[in-house]
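Structure data (mmCIF, C-alpha atoms) from structure28.cif:
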```cif
data_work
loop_
_atom_site.label_atom_id
_atom_site.label_comp_id
_atom_site.auth_asym_id
_atom_site.auth_seq_id
_atom_site.Cartn_x
_atom_site.Cartn_y
_atom_site.Cartn_z
CA MET A 25 -40.73 -8.08 83.31
CA THR A 26 -37.49 -9.98 82.86
CA THR A 27 -36.35 -11.98 79.87
CA LEU A 28 -37.55 -15.13 81.53
CA ASP A 29 -40.92 -13.54 82.05
CA ASP A 30 -41.05 -12.87 78.25
CA LEU A 31 -40.21 -16.46 77.54
CA PHE A 32 -42.63 -17.87 80.06
CA PRO A 33 -45.59 -15.49 80.38
CA ASP A 34 -47.70 -18.16 82.05
CA GLY A 35 -45.37 -18.48 84.98
CA PRO A 36 -43.21 -21.34 86.11
CA ARG A 37 -44.20 -24.70 84.73
CA GLN A 38 -44.82 -27.72 86.86
CA MET A 39 -42.25 -30.42 86.40
CA ALA A 40 -44.98 -33.04 86.38
CA ALA A 41 -46.78 -31.38 83.47
CA PRO A 42 -46.36 -33.08 80.09
CA VAL A 43 -44.06 -31.46 77.51
CA VAL A 44 -46.09 -30.03 74.68
CA ASP A 45 -45.29 -27.74 71.72
CA ASP A 46 -45.97 -24.21 72.82
CA HIS A 47 -46.64 -22.33 69.57
CA HIS A 48 -46.85 -19.07 71.43
CA THR A 49 -43.31 -19.54 72.79
CA VAL A 50 -41.93 -20.45 69.33
CA GLN A 51 -43.49 -17.35 67.82
CA ARG A 52 -41.88 -15.16 70.50
CA LEU A 53 -38.46 -16.78 69.92
CA ASP A 54 -38.79 -16.20 66.18
CA ALA A 55 -39.73 -12.60 66.78
CA MET A 56 -36.69 -12.04 69.01
CA PHE A 57 -34.00 -14.05 67.18
CA GLY A 58 -35.49 -14.78 63.78
CA ASP A 59 -36.38 -18.10 62.23
CA ARG A 60 -33.09 -20.05 62.31
CA ARG A 61 -34.51 -23.40 61.41
CA ALA A 62 -33.43 -22.96 57.78
CA ASP A 63 -29.79 -22.56 58.83
CA LEU A 64 -29.87 -25.34 61.37
CA ASP A 65 -27.29 -28.04 60.75
CA ARG A 66 -28.37 -31.16 62.56
CA THR A 67 -24.86 -32.68 62.46
CA HIS A 68 -22.65 -29.63 63.22
CA ARG A 69 -23.04 -26.71 65.46
CA ALA A 70 -23.50 -23.37 63.79
CA SER A 71 -20.25 -21.42 63.58
CA ALA A 72 -19.74 -17.67 63.24
CA ARG A 73 -16.34 -18.10 61.58
CA PRO A 74 -17.50 -17.55 57.94
CA ALA A 75 -19.19 -14.31 58.84
CA LEU A 76 -16.11 -13.16 60.77
CA VAL A 77 -13.78 -13.97 57.86
CA ALA A 78 -16.02 -12.12 55.39
CA MET A 79 -16.14 -9.10 57.65
CA VAL A 80 -12.36 -9.05 58.08
CA ASP A 81 -11.78 -9.40 54.33
CA GLY A 82 -14.13 -6.52 53.66
CA ALA A 83 -12.36 -4.41 56.24
CA VAL A 84 -8.97 -5.15 54.69
CA ALA A 85 -10.21 -4.24 51.20
CA ASP A 86 -11.70 -0.93 52.31
CA ALA A 87 -9.01 -0.06 54.83
CA ARG A 88 -8.13 3.63 55.15
CA PRO A 89 -5.75 5.43 57.50
CA LEU A 90 -7.39 5.95 60.82
CA GLY A 91 -8.23 9.42 61.93
CA GLU A 92 -9.21 10.71 65.27
CA VAL A 93 -11.92 8.69 66.89
CA PRO A 94 -14.73 10.90 68.15
CA PRO A 95 -15.41 10.65 71.81
CA VAL A 96 -18.09 8.23 72.81
CA SER A 97 -20.68 9.44 75.26
CA ARG A 98 -20.75 7.43 78.37
CA PRO A 99 -24.00 5.66 79.00
CA ASP A 100 -26.14 6.45 81.90
CA GLY A 101 -24.89 4.46 84.84
CA ARG A 102 -28.32 4.15 86.16
CA ARG A 103 -29.48 2.29 83.03
CA ARG A 104 -29.31 -1.41 83.42
CA ARG A 105 -27.69 -3.46 80.58
CA ARG A 106 -28.83 -6.79 79.42
CA PHE A 107 -26.26 -9.22 78.03
CA ASP A 108 -27.05 -12.27 75.92
CA ALA A 109 -25.10 -14.56 73.57
CA ILE A 110 -26.06 -12.70 70.36
CA SER A 111 -24.98 -9.33 71.72
CA VAL A 112 -21.65 -10.71 72.88
CA ALA A 113 -20.98 -12.33 69.44
CA ALA A 114 -21.85 -9.14 67.57
CA GLY A 115 -19.65 -7.09 69.83
CA GLY A 116 -16.76 -9.49 69.33
CA LEU A 117 -17.08 -9.27 65.57
CA ALA A 118 -17.14 -5.48 65.66
CA VAL A 119 -14.07 -5.34 67.86
CA ALA A 120 -12.23 -7.76 65.53
CA ALA A 121 -13.14 -5.63 62.51
CA LEU A 122 -11.85 -2.49 64.21
CA VAL A 123 -8.62 -4.20 65.13
CA VAL A 124 -8.04 -5.50 61.58
CA THR A 125 -8.88 -2.10 60.10
CA GLY A 126 -6.41 -0.42 62.40
CA VAL A 127 -3.70 -2.91 61.53
CA VAL A 128 -4.25 -2.52 57.76
CA GLY A 129 -4.33 1.26 58.00
CA GLY A 130 -1.13 1.23 60.01
CA VAL A 131 0.58 -0.99 57.46
CA GLN A 132 -0.47 1.32 54.61
CA LEU A 133 0.81 4.34 56.46
CA ALA A 134 4.06 2.62 57.25
CA THR A 135 4.73 1.30 53.75
CA ALA A 136 3.50 4.30 51.71
CA SER A 137 6.47 5.96 49.88
CA PRO A 138 6.57 8.72 47.19
CA ALA A 139 9.53 6.97 45.59
CA ASP A 140 7.38 3.91 44.95
CA ASP A 141 4.79 5.97 43.09
CA ALA A 142 7.52 7.69 41.08
CA LEU A 143 9.08 4.33 40.25
CA SER A 144 5.74 3.11 38.95
CA ALA A 145 5.47 6.18 36.73
CA LEU A 146 9.00 5.56 35.46
CA ALA A 147 8.14 1.98 34.59
CA ALA A 148 5.08 3.16 32.65
CA ASP A 149 7.22 5.65 30.68
CA GLU A 150 9.72 2.94 29.87
CA LYS A 151 6.99 0.71 28.46
CA THR A 152 5.87 3.60 26.27
CA ILE A 153 9.46 4.10 25.12
CA ASP A 154 9.79 0.45 24.13
CA SER A 155 6.58 0.54 22.12
CA ALA A 156 7.37 3.87 20.43
CA MET A 157 10.91 2.82 19.55
CA ALA A 158 9.68 -0.42 18.00
CA GLY A 159 7.20 1.48 15.85
CA LEU A 160 9.79 4.09 14.82
CA GLU A 161 12.41 1.51 13.86
CA SER A 162 9.86 -0.47 11.86
CA ALA A 163 8.65 2.62 9.97
CA HIS A 164 12.26 3.71 9.34
CA ALA A 165 13.14 0.31 7.87
CA ARG A 166 10.01 0.21 5.69
CA LEU A 167 10.69 3.67 4.24
CA ALA A 168 14.31 2.83 3.48
CA GLU A 169 13.24 -0.38 1.79
CA SER A 170 10.55 1.33 -0.28
CA ILE A 171 13.03 3.96 -1.50
CA SER A 172 15.50 1.25 -2.48
CA GLU A 173 12.82 -0.71 -4.35
CA ALA A 174 11.57 2.39 -6.17
CA ASP A 175 15.10 3.28 -7.28
CA ALA A 176 15.71 -0.26 -8.52
CA ALA A 177 12.48 -0.21 -10.51
CA ALA A 178 13.36 3.15 -12.04
CA ALA A 179 16.87 1.96 -12.88
CA ALA A 180 15.47 -0.89 -14.96
CA LEU A 181 13.14 1.36 -16.96
CA PRO A 182 15.57 2.94 -19.50
CA ALA A 183 16.56 -0.38 -21.04
CA GLU A 184 12.93 -1.44 -21.26
CA LEU A 185 11.85 1.88 -22.74
CA GLN A 186 14.56 1.71 -25.40
CA GLN A 187 13.08 -1.57 -26.62
CA VAL A 188 10.03 0.26 -27.94
CA ARG A 189 11.93 3.05 -29.65
CA GLU A 190 12.26 1.25 -33.01
CA ALA A 191 12.48 -2.13 -34.74
CA THR A 192 13.97 -3.46 -37.97
CA ASP A 193 11.78 -2.84 -40.99
CA PRO A 194 10.46 -6.22 -42.16
CA ALA A 195 10.31 -4.87 -45.70
CA ASP A 196 14.12 -4.75 -45.78
CA ILE A 197 14.50 -8.42 -44.83
CA PRO A 198 14.56 -10.60 -47.95
CA PRO A 199 12.21 -13.58 -47.99
CA GLY A 200 13.74 -16.59 -46.29
CA TRP A 201 16.33 -14.59 -44.37
CA THR A 202 16.49 -15.11 -40.63
CA GLU A 203 18.58 -12.03 -39.94
CA ALA A 204 18.28 -8.53 -41.25
CA PRO A 205 21.01 -7.20 -43.50
CA GLU A 206 23.27 -4.49 -42.22
CA ASP A 207 21.71 -1.85 -44.42
CA ALA A 208 18.14 -2.65 -43.29
CA GLY A 209 16.01 0.28 -42.19
CA VAL A 210 13.90 0.68 -39.03
CA ILE A 211 10.31 1.48 -38.13
CA ALA A 212 9.28 3.59 -35.12
CA ILE A 213 7.41 1.82 -32.34
CA ALA A 214 6.93 4.57 -29.73
CA ASP A 215 6.58 8.31 -30.09
CA PRO A 216 10.22 9.53 -30.10
CA ALA A 217 9.47 12.82 -28.31
CA ALA A 218 7.37 11.15 -25.62
CA LEU A 219 10.02 8.48 -25.15
CA ASP A 220 12.80 11.03 -24.65
CA ALA A 221 10.66 12.89 -22.10
CA ALA A 222 10.04 9.65 -20.18
CA LEU A 223 13.77 8.85 -20.09
CA ALA A 224 14.52 12.34 -18.73
CA ALA A 225 11.83 11.86 -16.06
CA VAL A 226 13.46 8.60 -14.97
CA GLU A 227 16.82 10.28 -14.54
CA SER A 228 15.34 13.15 -12.53
CA TYR A 229 13.39 10.79 -10.29
CA ARG A 230 16.43 8.71 -9.44
CA THR A 231 18.39 11.86 -8.64
CA ASP A 232 15.69 13.00 -6.20
CA LEU A 233 15.56 9.60 -4.51
CA ALA A 234 19.31 9.62 -4.00
CA ALA A 235 19.02 13.01 -2.25
CA VAL A 236 16.52 11.78 0.36
CA GLU A 237 17.96 11.73 3.89
CA LEU A 238 16.12 9.69 6.50
CA PRO A 239 15.96 11.11 10.04
CA GLU A 240 18.19 9.45 12.58
CA VAL A 241 16.67 7.07 15.07
CA PRO A 242 17.41 8.01 18.71
CA ALA A 243 19.90 5.89 20.58
CA GLU A 244 18.60 2.88 22.45
CA TYR A 245 17.20 3.79 25.86
CA ALA A 246 18.62 2.25 29.01
CA ARG A 247 17.75 3.16 32.58
CA ALA A 248 20.63 4.49 34.62
CA ASP A 249 21.71 2.73 37.80
CA ILE A 250 19.59 4.46 40.44
CA ASP A 251 18.52 3.92 44.01
CA ALA A 252 14.88 2.86 43.83
CA ASP A 253 14.28 4.25 47.33
CA SER A 254 15.64 7.69 46.42
CA LEU A 255 12.96 10.03 45.18
CA ASP A 256 15.55 12.39 43.66
CA GLU A 257 17.26 9.68 41.64
CA VAL A 258 13.95 8.29 40.44
CA ALA A 259 12.91 11.80 39.40
CA VAL A 260 16.10 12.21 37.35
CA ALA A 261 15.40 8.89 35.65
CA ILE A 262 11.87 10.04 34.84
CA ASP A 263 13.29 13.20 33.24
CA ALA A 264 15.61 11.09 31.11
CA ALA A 265 12.71 8.89 30.03
CA GLN A 266 10.63 11.93 29.12
CA LEU A 267 13.54 13.31 27.08
CA GLN A 268 13.80 10.01 25.24
CA LEU A 269 10.08 10.12 24.46
CA ALA A 270 10.42 13.66 23.12
CA GLN A 271 13.26 12.60 20.82
CA ILE A 272 11.21 9.66 19.56
CA ASP A 273 8.28 11.98 18.86
CA ARG A 274 10.46 14.38 16.87
CA ALA A 275 12.05 11.56 14.88
CA THR A 276 8.63 10.06 14.16
CA ALA A 277 7.28 13.39 12.91
CA ALA A 278 10.35 13.92 10.70
CA LEU A 279 10.04 10.41 9.32
CA ARG A 280 6.38 11.01 8.55
CA GLU A 281 7.24 14.18 6.62
CA THR A 282 9.93 12.33 4.67
CA ARG A 283 7.48 9.59 3.80
CA MET A 284 4.98 12.15 2.54
CA ALA A 285 7.64 13.87 0.42
CA VAL A 286 8.77 10.58 -1.15
CA ASP A 287 5.18 9.57 -1.86
CA ALA A 288 4.49 12.94 -3.51
CA ARG A 289 7.60 12.67 -5.68
CA THR A 290 6.69 9.13 -6.69
CA ALA A 291 3.18 10.24 -7.62
CA GLN A 292 4.65 12.99 -9.81
CA PHE A 293 6.93 10.49 -11.54
CA GLU A 294 4.04 8.11 -12.13
CA ALA A 295 2.08 10.96 -13.72
CA GLU A 296 5.01 11.67 -16.06
CA LEU A 297 5.14 8.03 -17.07
CA ALA A 298 1.37 8.05 -17.60
CA VAL A 299 1.78 10.84 -20.15
CA PHE A 300 4.16 8.57 -22.07
CA THR A 301 2.01 5.44 -21.88
CA ALA A 302 -1.12 7.33 -22.90
CA THR A 303 0.34 7.86 -26.38
CA PHE A 304 0.24 4.15 -27.22
CA SER A 305 -3.50 4.00 -27.85
CA GLY A 306 -3.23 6.54 -30.65
CA LEU A 307 -0.06 4.94 -31.98
CA ALA A 308 -1.79 1.58 -32.24
CA GLN A 309 -4.64 3.05 -34.27
CA THR A 310 -2.17 4.78 -36.58
CA VAL A 311 -0.18 1.60 -37.17
CA VAL A 312 -3.36 -0.32 -38.01
CA GLU A 313 -4.39 2.34 -40.53
CA GLN A 314 -0.95 2.30 -42.15
CA ASN A 315 -1.14 -1.47 -42.67
CA PRO A 316 -4.63 -2.11 -44.05
CA ASP A 317 -3.80 -5.40 -45.76
CA ALA A 318 -2.48 -7.12 -42.61
CA GLU A 319 -4.37 -9.89 -40.90
CA PRO A 320 -7.37 -8.58 -38.88
CA GLU A 321 -6.35 -10.67 -35.87
CA LEU A 322 -2.97 -8.97 -35.80
CA ALA A 323 -4.57 -5.55 -36.06
CA ALA A 324 -6.81 -6.38 -33.08
CA ALA A 325 -3.77 -7.58 -31.13
CA VAL A 326 -1.96 -4.28 -31.74
CA VAL A 327 -4.96 -2.27 -30.51
CA ALA A 328 -5.29 -4.42 -27.38
CA ALA A 329 -1.56 -4.20 -26.65
CA GLY A 330 -1.63 -0.41 -27.02
CA GLN A 331 -4.52 -0.13 -24.57
CA ALA A 332 -2.68 -2.38 -22.12
CA VAL A 333 0.35 -0.11 -22.22
CA ALA A 334 -1.84 2.95 -21.70
CA ARG A 335 -3.27 1.40 -18.50
CA ALA A 336 0.01 0.05 -17.16
CA ASP A 337 2.08 1.37 -14.27
CA LEU A 338 5.64 1.08 -15.54
CA LEU A 339 7.08 1.19 -12.01
CA LYS A 340 5.59 -2.21 -11.34
CA ALA A 341 6.89 -5.44 -12.79
CA GLN A 342 3.62 -6.27 -14.53
CA GLY A 343 3.57 -2.77 -16.00
CA SER A 344 6.93 -2.88 -17.73
CA ALA A 345 6.15 -6.32 -19.16
CA VAL A 346 3.53 -4.88 -21.53
CA LEU A 347 6.04 -2.91 -23.59
CA VAL A 348 7.66 -5.90 -25.29
CA PRO A 349 4.32 -7.51 -26.26
CA TYR A 350 3.27 -4.25 -27.91
CA ARG A 351 6.53 -4.08 -29.86
CA GLU A 352 6.13 -7.69 -31.03
CA ALA A 353 2.51 -7.09 -32.02
CA VAL A 354 3.48 -4.08 -34.15
CA VAL A 355 6.32 -6.00 -35.85
CA ALA A 356 3.98 -8.91 -36.59
CA LEU A 357 1.43 -6.51 -38.08
CA VAL A 358 4.02 -4.87 -40.35
CA GLU A 359 5.35 -8.28 -41.41
CA SER A 360 1.84 -9.29 -42.38
CA GLN A 361 1.50 -6.14 -44.45
CA VAL A 362 4.87 -6.76 -46.11
CA TYR A 363 3.84 -10.30 -46.92
CA ALA A 364 0.58 -9.07 -48.41
CA ASP A 365 2.48 -6.52 -50.51
CA ARG A 366 4.88 -9.16 -51.77
CA VAL A 367 2.06 -11.54 -52.63
CA ARG A 368 0.31 -8.81 -54.55
CA LEU A 369 3.52 -7.86 -56.36
CA GLU A 370 4.17 -11.46 -57.31
CA GLN A 371 0.60 -11.76 -58.55
CA GLU A 372 1.02 -8.67 -60.69
CA GLN A 373 4.28 -10.02 -62.09
CA ARG A 374 2.66 -13.35 -62.95
CA GLU A 375 -0.20 -11.60 -64.65
CA GLU A 376 2.23 -9.49 -66.68
CA GLU A 377 4.21 -12.56 -67.69
CA GLU A 378 1.02 -14.36 -68.64
CA ARG A 379 -0.09 -11.43 -70.75
CA GLN A 380 3.24 -11.34 -72.51
CA ARG A 381 3.16 -15.10 -73.08
CA GLN A 382 -0.31 -14.91 -74.56
CA GLN A 383 0.80 -12.16 -76.86
CA GLN A 384 3.73 -14.24 -78.02
CA GLN A 385 1.49 -17.22 -78.74
CA GLN A 386 -0.85 -15.26 -81.09
CA PRO A 387 0.02 -15.52 -84.92
CA GLN A 388 1.77 -12.50 -86.27
CA PRO A 389 0.81 -11.14 -89.84
CA ASP A 390 3.54 -10.88 -92.56
CA PRO A 391 5.10 -7.58 -92.55
CA SER A 392 4.31 -5.46 -95.70
CA PRO A 393 7.25 -4.01 -97.67
CA ASP A 394 8.11 -0.57 -96.86
CA PRO A 395 7.04 1.91 -99.60
CA VAL A 396 9.92 3.37 -101.63
CA ALA A 397 10.03 7.03 -101.34
CA PRO A 398 10.49 8.85 -104.75
CA GLU A 399 13.81 10.45 -105.31
CA PRO A 400 13.68 14.16 -105.10
CA GLU A 401 13.87 15.99 -108.46
CA GLU A 402 16.90 18.06 -109.12
CA PRO A 403 16.23 21.70 -109.73
CA PRO A 404 16.82 22.92 -113.35
CA VAL A 405 20.28 24.24 -114.04
CA GLU A 406 20.32 27.73 -115.47
CA PRO A 407 22.94 28.42 -118.19
CA ILE A 408 25.85 30.47 -117.21
CA PRO A 409 26.30 33.50 -119.56
CA ASP A 410 29.58 33.86 -121.42
CA PRO A 411 31.88 36.43 -120.09
CA VAL A 412 31.98 39.73 -122.05
CA GLU A 413 35.38 40.77 -123.27
CA PRO A 414 36.26 44.32 -122.41
CA THR A 415 36.66 46.76 -125.32
CA ASP A 416 39.81 48.73 -125.74
CA PRO A 417 39.45 52.37 -124.99
CA PRO A 418 39.79 54.71 -127.99
CA GLU A 419 43.23 56.03 -128.72
CA GLU A 420 43.95 59.62 -128.09
CA GLY A 421 44.02 61.93 -131.15
CA ALA A 422 42.04 59.75 -133.24
CA GLY A 423 39.42 61.48 -135.20
CA THR A 424 35.99 60.51 -135.27
#
```

Let me see the structure of the file written as structure tokens.
Amino acid sequence: MTTLDDLFPDGPRQMAAPVVDDHHTVQRLDAMFGDRRADLDRTHRASARPALVAMVDGAVADARPLGEVPPVSRPDGRRRRRFDAISVAAGGLAVAALVVTGVVGGVQLATASPADDALSALAADEKTIDSAMAGLESAHARLAESISEADAAAAALPAELQQVREATDPADIPPGWTEAPEDAGVIAIADPAALDAALAAVESYRTDLAAVELPEVPAEYARADIDADSLDEVAVAIDAAQLQLAQIDRATAALRETRMAVDARTAQFEAELAVFTATFSGLAQTVVEQNPDAEPELAAAVVAAGQAVARADLLKAQGSAVLVPYREAVVALVESQVYADRVRLEQEQREEEERQRQQQQQPQPDPSPDPVAPEPEEPPVEPIPDPVEPTDPPEEGAGT
């Protein structure tokens, strides 16, 4: 049975017969070609161009170099072929896709170049160089700046530390005087031994900072003038870029080690300063005990100022600013004690004067005459015996 026989199973129709809707024929057409009523455009004829464009675009996107095409078996000549419009359209689309695929594959084969791939790799390395160099230069500048700032902060410490070594003794300033006399004494504010150790630590820290040597930053990278189509020249440029990256890596590692060494030395110096500042809490308590008659508010201020110094980091601006307030608090406390001592002394003097005045105002009894002491009796005088005259010796020859 032919195709026409499939379409018209009931045989040829009579021209005089009325035209009716043959549901059986519609069902057979739908079975053969599908239901195309949904895609039917009543104003324009259906076009295969969108499908062809989509197929060509897909072939271009997935194009690969063509290999050998396997031989196609020849159909049996005795078999009869049937051609219709759908088969011809599908065949045309397939042929167009094969042609486009062949063209794209040929273009890829013709334009593919190892130098292009190498040039892309070189460009990627150069982007990495730019990023790594920017990071290295930034880290190098930050480390240099931090070392300079730390040295400046340490250089300002000796003068600030000396301010808490001692102060003029308020007891040696006469009342009403605004300036201390030349012979006025001093009182200790900080522990002298701890202060000397802190000053020595400052000097050692500054010496170590001055000895720090920052690693050199590699020279700025610039691509040499090369032939982009020459694989050898591009390869040499890639080697140069890799060498630059290696130098940047070494400089970055050295800079990191230097940063760690500086941080460790700074931490050691801060610990040495902390030993000095920790003494102020005990000093404050001692000063308060030595001045018991001072105002309680001033005693509390000294204790608070000592604790603030103990917590402070003297390398920072807010840390060094606590030294002067502590010194002023101690001086104010001692002045209060001196004032209390003077008030008490004046009170004692007034009381003594009042006692003497009261004694002078009391009536004094008449003084009694002094008793006359009897004159001492003279001892009796013994009579002195008369001297005895010597007798003459008898004359010789005289008789008795």

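Between Glu190 in chain A and the candidates A:Ala212, A:Ala248, A:Ala178, A:Ala277, the tightest atom-to-atom separation, counting all atoms listed in the file, involves A:Ala212.
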
* Give me, please, the distance in Å between CA of Ala163 in chain A and CA of Glu294 in chain A, quoted to one decimal. => 23.2 Å

* **Å distance separating CA of Ala325 in chain A from CA of Gln361 in chain A, one decimal place** =>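 Value for the CA of Ala325 in chain A-CA of Gln361 in chain A distance: 14.4 Å.
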
Residues of range 240-261 of chain A that approach range 164-171 of chain A to 12 Å or less, counting only C-alpha atoms: could you list each one with the shortest pair of atoms and its distance in Å to one decimal, rows by chain and increasing residue number, as CSV?
```
residue,atom,partner,partner_atom,distance
A:Glu240,CA,A:His164,CA,8.9
A:Val241,CA,A:His164,CA,8.0
A:Pro242,CA,A:His164,CA,11.5
```

* For Val327 in chain A: contacts at 12 Å, only C-alpha atoms, fewer than 4 positions along chain excluded, given as a ChimeraX atom specification -> /A:304-313,320-323,331-334,349-351,353-354,357

* Asked: What does the distance from CA of Ala295 in chain A to CA of Thr276 in chain A come to in Å, to one decimal?
  ->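 Going from CA of Ala295 in chain A over to CA of Thr276 in chain A, I get 28.7 Å.
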
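Put simply, the PyMOL selection byres ((chain A and resi 181) around 9) in this file takes in Ala176, Ala177, Ala178, Ala179, Ala180, Pro182, Ala183, Glu184, Leu185, Gln186, Leu223, Val226, Leu338, Leu339 and Ser344 of chain A.
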
Dump of C-alpha atoms for the selected residues, as an mmCIF file, in the coordinates of the input:
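File produced: part-v4.cif:
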```
data_model
loop_
_atom_site.group_PDB
_atom_site.id
_atom_site.type_symbol
_atom_site.label_atom_id
_atom_site.label_comp_id
_atom_site.auth_asym_id
_atom_site.auth_seq_id
_atom_site.Cartn_x
_atom_site.Cartn_y
_atom_site.Cartn_z
ATOM 1 C CA ALA A 176 15.710 -0.260 -8.520
ATOM 2 C CA ALA A 177 12.480 -0.210 -10.510
ATOM 3 C CA ALA A 178 13.360 3.150 -12.040
ATOM 4 C CA ALA A 179 16.870 1.960 -12.880
ATOM 5 C CA ALA A 180 15.470 -0.890 -14.960
ATOM 6 C CA PRO A 182 15.570 2.940 -19.500
ATOM 7 C CA ALA A 183 16.560 -0.380 -21.040
ATOM 8 C CA GLU A 184 12.930 -1.440 -21.260
ATOM 9 C CA LEU A 185 11.850 1.880 -22.740
ATOM 10 C CA GLN A 186 14.560 1.710 -25.400
ATOM 11 C CA LEU A 223 13.770 8.850 -20.090
ATOM 12 C CA VAL A 226 13.460 8.600 -14.970
ATOM 13 C CA LEU A 338 5.640 1.080 -15.540
ATOM 14 C CA LEU A 339 7.080 1.190 -12.010
ATOM 15 C CA SER A 344 6.930 -2.880 -17.730
#
```

* Please evaluate the PyMOL selection byres ((chain A and resi 151) around 12) against the structure above and give the resulting residues as a list in words. =>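 Residues picked by the PyMOL selection byres ((chain A and resi 151) around 12): Ser144, Ala145, Leu146, Ala147, Ala148, Asp149, Glu150, Thr152, Ile153, Asp154, Ser155, Ala156, Met157, Ala158, Tyr245, Ala246, Arg247, Ala265, Gln266, Gln268 and Leu269 of chain A.
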
* **Local residues around (6.0, 7.6, -27.2), at most 8 Å away, using all atoms listed in the file, as a ChimeraX atom specification** => /A:189,213-219,300-301,303-304

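Minimum atom-to-atom distance to Arg366 in chain A, evaluated using only C-alpha atoms, belongs to A:Ala318 out of A:Ala298, A:Val260, A:Ala318, A:Val286.
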
* **Hits from the PyMOL selection byres ((chain A and resi 142) around 8), listed as a PyMOL selection string** => chain A and resi 138-141+143-146+255+258-259+262
